[in-house]
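What follows is the content of coords-v1.tsv (TSV, C-alpha atoms).
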chain	number	residue	atom	x	y	z
Z	43	MET	CA	-54.37	-63.16	204.88
Z	44	SER	CA	-51.14	-61.97	203.31
Z	45	VAL	CA	-49.29	-59.06	204.83
Z	46	LEU	CA	-47.76	-55.89	203.46
Z	47	LYS	CA	-45.16	-54.59	205.88
Z	48	LEU	CA	-44.38	-50.89	205.74
Z	49	SER	CA	-42.03	-48.90	207.89
Z	50	ARG	CA	-43.60	-46.00	209.74
Z	51	ALA	CA	-41.60	-43.65	207.49
Z	52	VAL	CA	-42.96	-45.17	204.26
Z	53	TYR	CA	-46.49	-45.20	205.66
Z	54	GLU	CA	-46.25	-41.53	206.54
Z	55	GLN	CA	-44.71	-40.70	203.14
Z	56	ILE	CA	-47.75	-42.17	201.38
Z	57	ARG	CA	-50.13	-40.26	203.63
Z	58	ALA	CA	-48.23	-37.00	203.09
Z	59	HIS	CA	-48.18	-37.51	199.30
Z	60	SER	CA	-51.95	-38.11	199.21
Z	61	GLU	CA	-52.58	-34.85	201.09
Z	62	GLU	CA	-50.18	-32.84	198.93
Z	63	THR	CA	-51.92	-33.74	195.67
Z	64	TYR	CA	-55.51	-33.40	197.00
Z	65	PRO	CA	-58.01	-32.93	195.35
Z	66	TYR	CA	-56.14	-34.93	192.75
Z	67	GLU	CA	-54.99	-38.54	192.91
Z	68	CYS	CA	-51.39	-39.20	193.83
Z	69	CYS	CA	-49.55	-42.32	192.73
Z	70	GLY	CA	-46.29	-44.03	193.42
Z	71	VAL	CA	-44.36	-47.28	193.47
Z	72	LEU	CA	-43.47	-49.47	196.44
Z	73	LEU	CA	-40.08	-51.17	196.35
Z	74	GLY	CA	-39.37	-54.14	198.54
Z	75	SER	CA	-38.71	-57.82	198.89
Z	76	THR	CA	-40.97	-60.82	199.24
Z	77	ALA	CA	-41.94	-61.87	202.75
Z	78	GLY	CA	-43.95	-65.07	202.84
Z	79	ASP	CA	-46.93	-64.59	200.55
Z	80	GLY	CA	-46.73	-60.83	201.02
Z	81	TRP	CA	-44.21	-58.04	200.75
Z	82	ASN	CA	-41.82	-56.12	202.90
Z	83	GLY	CA	-42.17	-52.62	201.45
Z	84	CYS	CA	-38.88	-50.86	202.02
Z	85	SER	CA	-39.42	-47.60	200.20
Z	86	ALA	CA	-41.99	-45.55	198.34
Z	87	VAL	CA	-41.11	-43.72	195.16
Z	88	ARG	CA	-43.36	-40.90	194.07
Z	89	ALA	CA	-44.52	-40.98	190.47
Z	90	GLU	CA	-46.14	-38.38	188.27
Z	91	ASN	CA	-49.84	-38.82	187.54
Z	92	LEU	CA	-50.11	-38.70	183.75
Z	93	ARG	CA	-53.88	-38.34	183.84
Z	94	THR	CA	-53.92	-34.56	184.04
Z	95	ASP	CA	-57.17	-34.65	182.03
Z	96	SER	CA	-59.00	-36.32	184.94
Z	97	ALA	CA	-56.59	-36.32	187.87
Z	98	HIS	CA	-59.37	-36.10	190.48
Z	99	ASN	CA	-60.46	-39.68	189.72
Z	100	ARG	CA	-57.81	-41.34	187.53
Z	101	TYR	CA	-54.10	-42.07	187.67
Z	102	GLU	CA	-51.55	-43.51	185.33
Z	103	ILE	CA	-47.80	-43.92	185.69
Z	104	SER	CA	-45.64	-43.55	182.59
Z	105	PRO	CA	-44.05	-46.88	181.63
Z	106	GLY	CA	-40.85	-44.99	180.91
Z	107	GLU	CA	-40.80	-43.73	184.50
Z	108	LEU	CA	-41.51	-47.28	185.70
Z	109	VAL	CA	-38.54	-48.62	183.73
Z	110	LYS	CA	-36.27	-46.12	185.50
Z	111	ILE	CA	-37.77	-46.95	188.90
Z	112	GLU	CA	-37.36	-50.68	188.28
Z	113	ARG	CA	-33.70	-50.17	187.36
Z	114	GLU	CA	-33.14	-48.25	190.58
Z	115	ALA	CA	-34.89	-50.99	192.53
Z	116	SER	CA	-32.80	-53.67	190.89
Z	117	ALA	CA	-29.59	-51.77	191.71
Z	118	GLN	CA	-30.66	-51.83	195.37
Z	119	GLY	CA	-31.47	-55.54	195.24
Z	120	LEU	CA	-35.18	-54.75	195.51
Z	121	SER	CA	-38.22	-55.46	193.35
Z	122	ILE	CA	-41.33	-53.50	192.48
Z	123	ALA	CA	-43.56	-54.78	195.27
Z	124	GLY	CA	-46.61	-52.74	194.40
Z	125	PHE	CA	-48.14	-49.37	193.87
Z	126	TYR	CA	-50.14	-46.81	195.76
Z	127	HIS	CA	-52.68	-44.22	194.76
Z	128	SER	CA	-55.20	-42.02	196.51
Z	129	HIS	CA	-58.98	-41.77	196.29
Z	130	PRO	CA	-59.84	-38.13	197.06
Z	131	ASP	CA	-63.16	-37.94	198.92
Z	132	HIS	CA	-63.84	-41.59	198.15
Z	133	PRO	CA	-63.42	-44.83	200.15
Z	134	ALA	CA	-60.13	-46.75	200.25
Z	135	GLN	CA	-61.61	-49.59	198.23
Z	136	TRP	CA	-60.65	-50.78	194.80
Z	137	SER	CA	-62.87	-49.78	191.92
Z	138	GLU	CA	-63.76	-51.59	188.70
Z	139	THR	CA	-61.31	-49.24	186.97
Z	140	ASP	CA	-58.58	-50.22	189.43
Z	141	LEU	CA	-59.10	-53.92	188.70
Z	142	LYS	CA	-59.42	-53.48	184.95
Z	143	GLU	CA	-56.17	-51.50	184.80
Z	144	ALA	CA	-54.22	-53.72	187.23
Z	145	HIS	CA	-51.77	-56.08	185.58
Z	146	TRP	CA	-49.06	-56.67	188.18
Z	147	ILE	CA	-50.29	-59.98	189.55
Z	148	GLY	CA	-48.64	-60.82	192.86
Z	149	CYS	CA	-48.09	-57.16	193.69
Z	150	SER	CA	-49.75	-54.95	196.31
Z	151	TYR	CA	-52.10	-52.15	195.35
Z	152	VAL	CA	-52.38	-49.69	198.21
Z	153	ILE	CA	-55.31	-47.28	198.17
Z	154	ILE	CA	-55.57	-44.34	200.54
Z	155	ALA	CA	-58.72	-42.32	201.07
Z	156	VAL	CA	-58.34	-38.57	201.46
Z	157	ALA	CA	-61.26	-36.87	203.17
Z	158	LYS	CA	-61.46	-33.12	202.56
Z	159	GLY	CA	-57.70	-32.95	202.24
Z	160	THR	CA	-56.80	-35.16	205.19
Z	161	ALA	CA	-55.39	-38.67	204.72
Z	162	ALA	CA	-57.84	-41.21	206.09
Z	163	ALA	CA	-58.25	-45.01	205.74
Z	164	ILE	CA	-55.56	-46.96	203.94
Z	165	ASN	CA	-55.99	-50.47	202.54
Z	166	SER	CA	-53.87	-52.84	200.52
Z	167	PHE	CA	-55.07	-55.37	197.97
Z	168	LEU	CA	-52.93	-58.14	196.53
Z	169	LEU	CA	-53.62	-58.68	192.83
Z	170	SER	CA	-54.11	-62.43	192.76
Z	171	GLY	CA	-54.99	-65.12	190.23
Z	172	LYS	CA	-53.13	-67.10	187.61
Z	173	GLY	CA	-53.51	-64.65	184.78
Z	174	GLU	CA	-55.19	-61.63	183.29
Z	175	GLU	CA	-58.46	-63.45	182.63
Z	176	GLU	CA	-58.99	-64.53	186.24
Z	177	LYS	CA	-57.34	-61.78	188.26
Z	178	LEU	CA	-58.91	-60.51	191.46
Z	179	PHE	CA	-58.02	-58.26	194.37
Z	180	VAL	CA	-57.61	-59.89	197.78
Z	181	GLN	CA	-57.33	-57.61	200.79
Z	182	GLN	CA	-54.03	-57.69	202.67
Z	183	LYS	CA	-53.18	-56.72	206.18
Z	184	ILE	CA	-50.93	-53.67	206.43
Z	185	GLU	CA	-48.41	-53.93	209.24
Z	186	VAL	CA	-46.68	-50.68	210.11
Z	187	GLU	CA	-43.32	-51.26	211.71
Z	188	GLU	CA	-42.05	-48.66	214.12
Z	189	ALA	CA	-38.37	-47.72	213.86
Z	190	GLU	CA	-36.15	-49.21	216.55
Z	191	GLU	CA	-34.80	-46.66	218.98
F	254	MET	CA	-29.09	-58.95	175.08
F	255	LYS	CA	-30.53	-58.83	178.53
F	256	ILE	CA	-34.31	-58.87	179.05
F	257	PHE	CA	-35.60	-57.55	182.36
F	258	ILE	CA	-38.55	-59.52	183.69
F	259	PRO	CA	-41.16	-57.64	185.77
F	260	THR	CA	-42.18	-58.91	189.19
F	261	PRO	CA	-45.44	-60.63	188.08
F	262	LEU	CA	-43.79	-62.65	185.31
F	263	ARG	CA	-40.76	-63.92	187.22
F	264	VAL	CA	-42.72	-66.93	188.37
F	265	TYR	CA	-42.86	-68.02	184.71
F	266	ALA	CA	-39.15	-67.34	184.18
F	267	GLY	CA	-37.59	-69.51	186.81
F	268	GLY	CA	-37.74	-66.72	189.38
F	269	GLN	CA	-35.17	-64.67	187.49
F	270	ASP	CA	-35.32	-60.88	187.22
F	271	ALA	CA	-33.20	-60.75	184.08
F	272	ILE	CA	-32.47	-63.25	181.33
F	273	GLU	CA	-29.72	-63.19	178.72
F	274	VAL	CA	-30.99	-64.09	175.23
F	275	GLU	CA	-29.73	-63.99	171.67
F	276	GLY	CA	-31.34	-62.55	168.56
F	277	ALA	CA	-30.89	-59.96	165.83
F	278	THR	CA	-34.14	-58.08	166.49
F	279	VAL	CA	-36.48	-57.36	169.39
F	280	GLN	CA	-38.87	-60.01	168.05
F	281	GLU	CA	-36.11	-62.61	167.83
F	282	ALA	CA	-35.05	-61.85	171.38
F	283	LEU	CA	-38.65	-62.26	172.58
F	284	ASP	CA	-38.98	-65.50	170.60
F	285	SER	CA	-35.81	-66.77	172.22
F	286	LEU	CA	-37.19	-65.86	175.65
F	287	THR	CA	-40.54	-67.58	175.10
F	288	THR	CA	-38.90	-70.63	173.55
F	289	SER	CA	-36.92	-71.11	176.76
F	290	TYR	CA	-39.80	-70.10	179.03
F	291	GLY	CA	-42.98	-71.16	177.23
F	292	ASP	CA	-45.30	-70.18	180.06
F	293	LEU	CA	-44.40	-66.53	179.45
F	294	ARG	CA	-45.93	-66.55	175.98
F	295	LYS	CA	-49.59	-66.19	176.90
F	296	HIS	CA	-48.77	-63.44	179.37
F	297	LEU	CA	-46.92	-61.41	176.73
F	298	PHE	CA	-48.78	-62.14	173.51
F	299	THR	CA	-52.38	-62.45	172.32
F	300	ALA	CA	-53.56	-65.63	170.60
F	301	GLU	CA	-52.76	-63.84	167.34
F	302	GLY	CA	-49.17	-63.32	168.42
F	303	LYS	CA	-49.41	-59.56	169.04
F	304	VAL	CA	-47.91	-58.02	172.18
F	305	ARG	CA	-50.77	-57.66	174.68
F	306	SER	CA	-52.10	-54.11	174.90
F	307	PHE	CA	-51.07	-53.59	178.53
F	308	VAL	CA	-47.52	-54.89	178.01
F	309	ASN	CA	-44.96	-52.17	177.31
F	310	LEU	CA	-41.58	-53.02	175.83
F	311	TYR	CA	-38.66	-50.64	176.28
F	312	LEU	CA	-35.50	-51.08	174.24
F	313	ASN	CA	-33.04	-49.28	176.49
F	314	ASP	CA	-34.98	-46.00	177.06
F	315	GLU	CA	-37.21	-46.20	173.99
F	316	ASP	CA	-40.78	-47.47	173.82
F	317	VAL	CA	-40.66	-50.16	171.12
F	318	ARG	CA	-44.18	-49.15	170.01
F	319	TYR	CA	-42.78	-45.83	168.80
F	320	LEU	CA	-39.64	-47.12	167.10
F	321	PRO	CA	-39.92	-47.03	163.28
F	322	GLY	CA	-39.25	-50.76	163.04
F	323	LYS	CA	-41.22	-51.67	166.19
F	324	GLU	CA	-40.47	-55.32	167.09
F	325	ALA	CA	-38.37	-55.71	163.90
F	326	THR	CA	-35.85	-53.18	165.29
F	327	ALA	CA	-32.28	-54.49	165.19
F	328	ILE	CA	-30.58	-54.96	168.53
F	329	ASN	CA	-27.03	-55.08	169.84
F	330	PRO	CA	-25.78	-57.53	172.45
F	331	SER	CA	-25.29	-54.64	174.90
F	332	ASP	CA	-28.92	-53.47	174.61
F	333	THR	CA	-31.48	-54.14	177.30
F	334	LEU	CA	-35.17	-54.85	176.86
F	335	SER	CA	-37.55	-54.09	179.73
F	336	ILE	CA	-40.98	-55.68	179.91
F	337	ILE	CA	-43.24	-53.32	181.85
F	338	PRO	CA	-46.97	-53.97	182.34
F	339	SER	CA	-48.96	-50.75	182.52
F	340	ILE	CA	-50.15	-49.26	185.77
F	341	ALA	CA	-53.25	-47.10	186.01
F	342	GLY	CA	-56.60	-46.90	187.75
F	343	GLY	CA	-58.76	-44.60	189.77
F	344	ARG	CA	-62.02	-44.47	191.62
What would you get if you wrote out this structure as structure tokens?
Amino acid sequence: MSVLKLSRAVYEQIRAHSEETYPYECCGVLLGSTAGDGWNGCSAVRAENLRTDSAHNRYEISPGELVKIEREASAQGLSIAGFYHSHPDHPAQWSETDLKEAHWIGCSYVIIAVAKGTAAAINSFLLSGKGEEEKLFVQQKIEVEEAEE
Amino acid sequence: MKIFIPTPLRVYAGGQDAIEVEGATVQEALDSLTTSYGDLRKHLFTAEGKVRSFVNLYLNDEDVRYLPGKEATAINPSDTLSIIPSIAGGR
């Protein structure tokens, strides 16, 4: 099983973001570097959810915002490692919509459940496969690294 | 011009995150890219040669889809082209 490493700070940032936007979905981008067949997620960048028409169950990040985020990542020597979004009052499992709309093969898709406003389970799925026609989500292990004292 | 390659397509571009290409238009730059890295073609274009619906192209800060000339837009050597697959979903 591949691994997504997150610092405690990044992990908590995602949880906090998901609670702030409840009952609507939050979304953001994970920047990092490759680590084996997984990712070392170094930072989380909040993004605006464009789907204001149905923000309780849909999210979309503007490609223009992604271009800017990718430039910032590149300047730091990092890559877009994946994305995160929340599922308000819904399990932390990918949906058919998530798979249909996922196109970043090789990247991590983190989903966090928010139960009645409180961040709950968090899972990561690596978008795998050789192309759009045969893509699939494979669950990853999330390793949360505590800061050294 | 420089074309920025998104994370999922770098494997088809020799692992590079940016590639310098030549061309007078966006289309020529893309043709140059896919001539050098043929495996990229099917990930960027449909069988009919159209840019795939989930692939966004940004010439500097402008979405190529909304430029009057679209892919026929003239480019300068100092321009950058970003290839950005879309990101969306929900429960």
Kindly provide, as a list of chain:residue names, the polymer residues lying within 12 Å of (-56.8, -33.3, 205.9), counting all atoms listed in the file and using the coordinates exactly as they appear in the file.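 Returned residue set, sorted by chain then number, is Z:Arg57, Z:Ala58, Z:His59, Z:Ser60, Z:Glu61, Z:Glu62, Z:Thr63, Z:Tyr64, Z:Pro65, Z:Pro130, Z:Asp131, Z:Ala155, Z:Val156, Z:Ala157, Z:Lys158, Z:Gly159, Z:Thr160, Z:Ala161, Z:Ala162, Z:Ala163.
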Just checking: using only C-alpha atoms, which residue out of Z:Val52, Z:Arg100, Z:Glu175, Z:Thr139 ends up closest to Gly83 (chain Z)? Z:Val52
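In this structure, CA of Phe179 (chain Z) sits 7.2 Å away from CA of Leu141 (chain Z).
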With a distance cut-off of 9 Å and all atoms listed in the file, select the neighbouring residues of Ala89 (chain Z), excluding the residue or stretch itself and same-chain residues fewer than 2 positions from it, and output the selection as a PDB file with C-alpha atoms, in the frame of the given file.
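Below is the file around_39.pdb, written as the result:
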ATOM      1  CA  CYS Z  68     -51.390 -39.200 193.830  1.00  0.00           C
ATOM      2  CA  CYS Z  69     -49.550 -42.320 192.730  1.00  0.00           C
ATOM      3  CA  GLY Z  70     -46.290 -44.030 193.420  1.00  0.00           C
ATOM      4  CA  VAL Z  71     -44.360 -47.280 193.470  1.00  0.00           C
ATOM      5  CA  VAL Z  87     -41.110 -43.720 195.160  1.00  0.00           C
ATOM      6  CA  ASN Z  91     -49.840 -38.820 187.540  1.00  0.00           C
ATOM      7  CA  ILE Z 103     -47.800 -43.920 185.690  1.00  0.00           C
ATOM      8  CA  SER Z 104     -45.640 -43.550 182.590  1.00  0.00           C
ATOM      9  CA  GLU Z 107     -40.800 -43.730 184.500  1.00  0.00           C
ATOM     10  CA  LEU Z 108     -41.510 -47.280 185.700  1.00  0.00           C
TER      11      LEU Z 108
END
Residue nearest chain Z - candidates F:Ala282, F:Val304, F:Met254, F:Leu297, atoms counted: only C-alpha atoms: F:Leu297
Would you fill out region 155-191 of chain Z with N, CA and C atoms and return it as an mmCIF file, in the coordinates of the input?
data_model
loop_
_atom_site.group_PDB
_atom_site.id
_atom_site.type_symbol
_atom_site.label_atom_id
_atom_site.label_comp_id
_atom_site.auth_asym_id
_atom_site.auth_seq_id
_atom_site.Cartn_x
_atom_site.Cartn_y
_atom_site.Cartn_z
ATOM 1 N N ALA Z 155 -57.640 -43.295 201.177
ATOM 2 C CA ALA Z 155 -58.720 -42.320 201.070
ATOM 3 C C ALA Z 155 -58.233 -40.985 201.610
ATOM 4 N N VAL Z 156 -58.667 -39.912 200.974
ATOM 5 C CA VAL Z 156 -58.340 -38.570 201.460
ATOM 6 C C VAL Z 156 -59.656 -37.832 201.627
ATOM 7 N N ALA Z 157 -59.977 -37.507 202.873
ATOM 8 C CA ALA Z 157 -61.260 -36.870 203.170
ATOM 9 C C ALA Z 157 -61.056 -35.382 203.401
ATOM 10 N N LYS Z 158 -61.570 -34.588 202.473
ATOM 11 C CA LYS Z 158 -61.460 -33.120 202.560
ATOM 12 C C LYS Z 158 -60.010 -32.681 202.814
ATOM 13 N N GLY Z 159 -59.094 -33.358 202.164
ATOM 14 C CA GLY Z 159 -57.700 -32.950 202.240
ATOM 15 C C GLY Z 159 -56.873 -33.648 203.305
ATOM 16 N N THR Z 160 -57.532 -34.474 204.129
ATOM 17 C CA THR Z 160 -56.800 -35.160 205.190
ATOM 18 C C THR Z 160 -56.754 -36.668 204.918
ATOM 19 N N ALA Z 161 -55.550 -37.238 204.957
ATOM 20 C CA ALA Z 161 -55.390 -38.670 204.720
ATOM 21 C C ALA Z 161 -56.223 -39.453 205.729
ATOM 22 N N ALA Z 162 -56.958 -40.439 205.224
ATOM 23 C CA ALA Z 162 -57.840 -41.210 206.090
ATOM 24 C C ALA Z 162 -57.494 -42.695 205.993
ATOM 25 N N ALA Z 163 -58.487 -43.555 205.753
ATOM 26 C CA ALA Z 163 -58.250 -45.010 205.740
ATOM 27 C C ALA Z 163 -57.270 -45.403 204.639
ATOM 28 N N ILE Z 164 -56.511 -46.445 204.921
ATOM 29 C CA ILE Z 164 -55.560 -46.960 203.940
ATOM 30 C C ILE Z 164 -55.698 -48.482 203.905
ATOM 31 N N ASN Z 165 -55.838 -49.017 202.711
ATOM 32 C CA ASN Z 165 -55.990 -50.470 202.540
ATOM 33 C C ASN Z 165 -55.034 -50.955 201.466
ATOM 34 N N SER Z 166 -54.697 -52.243 201.552
ATOM 35 C CA SER Z 166 -53.870 -52.840 200.520
ATOM 36 C C SER Z 166 -54.558 -54.076 199.961
ATOM 37 N N PHE Z 167 -54.466 -54.229 198.646
ATOM 38 C CA PHE Z 167 -55.070 -55.370 197.970
ATOM 39 C C PHE Z 167 -54.011 -56.055 197.117
ATOM 40 N N LEU Z 168 -53.888 -57.359 197.318
ATOM 41 C CA LEU Z 168 -52.930 -58.140 196.530
ATOM 42 C C LEU Z 168 -53.623 -58.568 195.251
ATOM 43 N N LEU Z 169 -53.038 -58.223 194.096
ATOM 44 C CA LEU Z 169 -53.620 -58.680 192.830
ATOM 45 C C LEU Z 169 -53.275 -60.155 192.679
ATOM 46 N N SER Z 170 -54.299 -60.979 192.725
ATOM 47 C CA SER Z 170 -54.110 -62.430 192.760
ATOM 48 C C SER Z 170 -54.699 -63.069 191.507
ATOM 49 N N GLY Z 171 -54.483 -64.386 191.386
ATOM 50 C CA GLY Z 171 -54.990 -65.120 190.230
ATOM 51 C C GLY Z 171 -53.845 -65.594 189.356
ATOM 52 N N LYS Z 172 -54.175 -66.505 188.441
ATOM 53 C CA LYS Z 172 -53.130 -67.100 187.610
ATOM 54 C C LYS Z 172 -52.893 -66.362 186.306
ATOM 55 N N GLY Z 173 -53.705 -65.371 186.032
ATOM 56 C CA GLY Z 173 -53.510 -64.650 184.780
ATOM 57 C C GLY Z 173 -54.518 -63.540 184.638
ATOM 58 N N GLU Z 174 -54.367 -62.802 183.569
ATOM 59 C CA GLU Z 174 -55.190 -61.630 183.290
ATOM 60 C C GLU Z 174 -56.684 -61.938 183.291
ATOM 61 N N GLU Z 175 -57.041 -63.111 182.801
ATOM 62 C CA GLU Z 175 -58.460 -63.450 182.630
ATOM 63 C C GLU Z 175 -59.126 -63.834 183.943
ATOM 64 N N GLU Z 176 -58.368 -64.115 184.973
ATOM 65 C CA GLU Z 176 -58.990 -64.530 186.240
ATOM 66 C C GLU Z 176 -58.417 -63.774 187.434
ATOM 67 N N LYS Z 177 -57.957 -62.556 187.179
ATOM 68 C CA LYS Z 177 -57.340 -61.780 188.260
ATOM 69 C C LYS Z 177 -58.416 -61.265 189.221
ATOM 70 N N LEU Z 178 -58.009 -61.063 190.448
ATOM 71 C CA LEU Z 178 -58.910 -60.510 191.460
ATOM 72 C C LEU Z 178 -58.074 -59.841 192.541
ATOM 73 N N PHE Z 179 -58.698 -58.903 193.253
ATOM 74 C CA PHE Z 179 -58.020 -58.260 194.370
ATOM 75 C C PHE Z 179 -58.388 -58.980 195.662
ATOM 76 N N VAL Z 180 -57.387 -59.288 196.477
ATOM 77 C CA VAL Z 180 -57.610 -59.890 197.780
ATOM 78 C C VAL Z 180 -57.007 -58.954 198.826
ATOM 79 N N GLN Z 181 -57.818 -58.563 199.791
ATOM 80 C CA GLN Z 181 -57.330 -57.610 200.790
ATOM 81 C C GLN Z 181 -56.167 -58.175 201.589
ATOM 82 N N GLN Z 182 -55.194 -57.325 201.858
ATOM 83 C CA GLN Z 182 -54.030 -57.690 202.670
ATOM 84 C C GLN Z 182 -54.074 -56.922 203.976
ATOM 85 N N LYS Z 183 -53.354 -57.464 204.931
ATOM 86 C CA LYS Z 183 -53.180 -56.720 206.180
ATOM 87 C C LYS Z 183 -51.959 -55.817 206.016
ATOM 88 N N ILE Z 184 -52.093 -54.568 206.429
ATOM 89 C CA ILE Z 184 -50.930 -53.670 206.430
ATOM 90 C C ILE Z 184 -50.354 -53.646 207.837
ATOM 91 N N GLU Z 185 -49.096 -54.008 207.957
ATOM 92 C CA GLU Z 185 -48.410 -53.930 209.240
ATOM 93 C C GLU Z 185 -47.413 -52.778 209.193
ATOM 94 N N VAL Z 186 -47.594 -51.829 210.071
ATOM 95 C CA VAL Z 186 -46.680 -50.680 210.110
ATOM 96 C C VAL Z 186 -45.646 -50.940 211.206
ATOM 97 N N GLU Z 187 -44.392 -50.953 210.767
ATOM 98 C CA GLU Z 187 -43.320 -51.260 211.710
ATOM 99 C C GLU Z 187 -42.691 -49.965 212.219
ATOM 100 N N GLU Z 188 -42.661 -49.849 213.521
ATOM 101 C CA GLU Z 188 -42.050 -48.660 214.120
ATOM 102 C C GLU Z 188 -40.531 -48.802 214.076
ATOM 103 N N ALA Z 189 -39.836 -47.687 213.893
ATOM 104 C CA ALA Z 189 -38.370 -47.720 213.860
ATOM 105 C C ALA Z 189 -37.847 -48.067 215.245
ATOM 106 N N GLU Z 190 -36.758 -48.861 215.259
ATOM 107 C CA GLU Z 190 -36.150 -49.210 216.550
ATOM 108 C C GLU Z 190 -35.407 -48.004 217.086
ATOM 109 N N GLU Z 191 -35.470 -47.822 218.367
ATOM 110 C CA GLU Z 191 -34.800 -46.660 218.980
ATOM 111 C C GLU Z 191 -33.361 -46.985 219.282
#
